[in-house]
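Notes to accompany the following structure.
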Amino acid sequence: MADVDEILMDVEERMDKALSALRDNFGSVRTGRANAMVLDRIVVDYYGTPTPVNQMAGIKSPDAHLLVIEPWDKSSLKDIERAILESDLGVTPNNDGSVIRLPFPALTEERRRELAKTCSKYAEECRVAIRNARRDANTALEKAQKSDGLPEDEAHRAEAQVQKLTDGHIAEVDECYKKKEADIMEV
């Protein structure tokens, strides 16, 4: 019985991690408003160590279309600016020697569609991860049934629980995607 509980806990944990990764990915996709989370993925080579921008600078959003990055070490301004230019943000940084300003222009319809497509890809990757977790759990249940003498009806009950978890997590992925898509397409 402990094996079934262990398998169910493991599959739920893997599905939750996939959802968490999806939310992180969605957070890094910019919408029409300036959001400091878009900088979470930008990594700067800081004295030979890859360091996220948000760990080496204060990030403020004075208005809806501007982010201000104020590095704690002013010598890293050029490195931060270079990392932003090399990223896929689509924003040109303005460096005044003490802070970097990131003006976020209003998104064009074409750019909105590209971002929605990117989010769709992230959602599909998450669905695949969830289905893989389901497959692995079902395989583990079959193995437990054959080698450990797990009763067949108990195995079927556990498979039904795994399917219920899968359906719930995939519905959550779809809901997250709908919200993000509506956020992106909002003018």
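Residues are named by chain letter and number: chains run A, B, ... in the order of the structure tokens, numbers start at 1 in each chain, and ligands are numbered from 1 in the order shown.
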As a list of chain:residue names, which residues of segment 72-105 of chain A does DSSP assign to alpha helix (DSSP H)?
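Answer for segment 72-105 of chain A, restricted to alpha helix (DSSP H): A:Leu77, A:Lys78, A:Asp79, A:Ile80, A:Glu81, A:Arg82, A:Ala83, A:Ile84, A:Leu85, A:Glu86.
Restricting the calculation to only C-alpha atoms, the smallest distance between Thr92 of chain A and any of A:Phe104, A:Tyr122, A:Tyr46, A:Tyr177 is found for A:Phe104.
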Find the residues around Ala155 of chain A up to 9 Å (only C-alpha atoms counted), leave out those fewer than 4 positions away in its own chain, and share them as number ranges by chain.
A: 4, 138, 141-142, 144-145, 150-151, 159-160
Just write the chosen residues, N, CA, C and O atoms, as a PDB file, in the first residue's frame.
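Dumped to out-v2.pdb:
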ATOM      1  N   VAL A   4       1.921   2.448  -3.482  1.00  0.00           N
ATOM      2  CA  VAL A   4       0.913   3.196  -4.238  1.00  0.00           C
ATOM      3  C   VAL A   4       0.907   4.651  -3.782  1.00  0.00           C
ATOM      4  O   VAL A   4       0.902   5.579  -4.604  1.00  0.00           O
ATOM      5  N   ASN A 138       1.963   5.233 -14.173  1.00  0.00           N
ATOM      6  CA  ASN A 138       1.235   4.039 -14.622  1.00  0.00           C
ATOM      7  C   ASN A 138       2.188   2.859 -14.822  1.00  0.00           C
ATOM      8  O   ASN A 138       1.863   1.728 -14.498  1.00  0.00           O
ATOM      9  N   LEU A 141       3.022   1.535 -11.455  1.00  0.00           N
ATOM     10  CA  LEU A 141       1.896   0.773 -10.907  1.00  0.00           C
ATOM     11  C   LEU A 141       1.833  -0.624 -11.528  1.00  0.00           C
ATOM     12  O   LEU A 141       1.588  -1.612 -10.832  1.00  0.00           O
ATOM     13  N   GLU A 142       2.049  -0.702 -12.850  1.00  0.00           N
ATOM     14  CA  GLU A 142       2.056  -2.013 -13.523  1.00  0.00           C
ATOM     15  C   GLU A 142       3.175  -2.891 -12.969  1.00  0.00           C
ATOM     16  O   GLU A 142       2.980  -4.086 -12.732  1.00  0.00           O
ATOM     17  N   ALA A 144       4.546  -2.667 -10.020  1.00  0.00           N
ATOM     18  CA  ALA A 144       4.183  -3.052  -8.656  1.00  0.00           C
ATOM     19  C   ALA A 144       3.158  -4.187  -8.675  1.00  0.00           C
ATOM     20  O   ALA A 144       3.187  -5.080  -7.826  1.00  0.00           O
ATOM     21  N   GLN A 145       2.287  -4.149  -9.645  1.00  0.00           N
ATOM     22  CA  GLN A 145       1.267  -5.193  -9.759  1.00  0.00           C
ATOM     23  C   GLN A 145       1.909  -6.535 -10.113  1.00  0.00           C
ATOM     24  O   GLN A 145       1.554  -7.565  -9.549  1.00  0.00           O
ATOM     25  N   LEU A 150       0.705  -6.338  -6.132  1.00  0.00           N
ATOM     26  CA  LEU A 150      -0.332  -5.342  -5.877  1.00  0.00           C
ATOM     27  C   LEU A 150      -1.647  -5.853  -6.481  1.00  0.00           C
ATOM     28  O   LEU A 150      -1.675  -6.239  -7.646  1.00  0.00           O
ATOM     29  N   PRO A 151      -2.736  -5.883  -5.707  1.00  0.00           N
ATOM     30  CA  PRO A 151      -4.009  -6.372  -6.247  1.00  0.00           C
ATOM     31  C   PRO A 151      -4.466  -5.533  -7.453  1.00  0.00           C
ATOM     32  O   PRO A 151      -4.256  -4.322  -7.484  1.00  0.00           O
ATOM     33  N   GLU A 159      -4.575   4.025 -10.762  1.00  0.00           N
ATOM     34  CA  GLU A 159      -4.492   4.586 -12.117  1.00  0.00           C
ATOM     35  C   GLU A 159      -5.572   5.645 -12.324  1.00  0.00           C
ATOM     36  O   GLU A 159      -5.338   6.669 -12.966  1.00  0.00           O
ATOM     37  N   ALA A 160      -6.763   5.394 -11.771  1.00  0.00           N
ATOM     38  CA  ALA A 160      -7.850   6.380 -11.874  1.00  0.00           C
ATOM     39  C   ALA A 160      -7.461   7.663 -11.128  1.00  0.00           C
ATOM     40  O   ALA A 160      -7.741   8.772 -11.607  1.00  0.00           O
TER      41      ALA A 160
END
Extract, using only C-alpha atoms, all DNA, RNA and protein residues at most 8 Å from Gly97 of chain A, discarding same-chain residues fewer than 2 positions from it, and format them as a VMD selection string.
chain A and resid 74 77 95 99 to 100
Pairwise distance for atom CA of Leu102 of chain A and atom CA of Leu67 of chain A, rounded to one decimal in Å:
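Distance reported for this atom pair: 5.0 Å.
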Have a look at A:Asp153, A:Glu81, A:Asp63, A:Glu6 and name the one nearest to Asp45 of chain A; count only C-alpha atoms.
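Among the listed residues, A:Glu81 lies closest to Asp45 of chain A.
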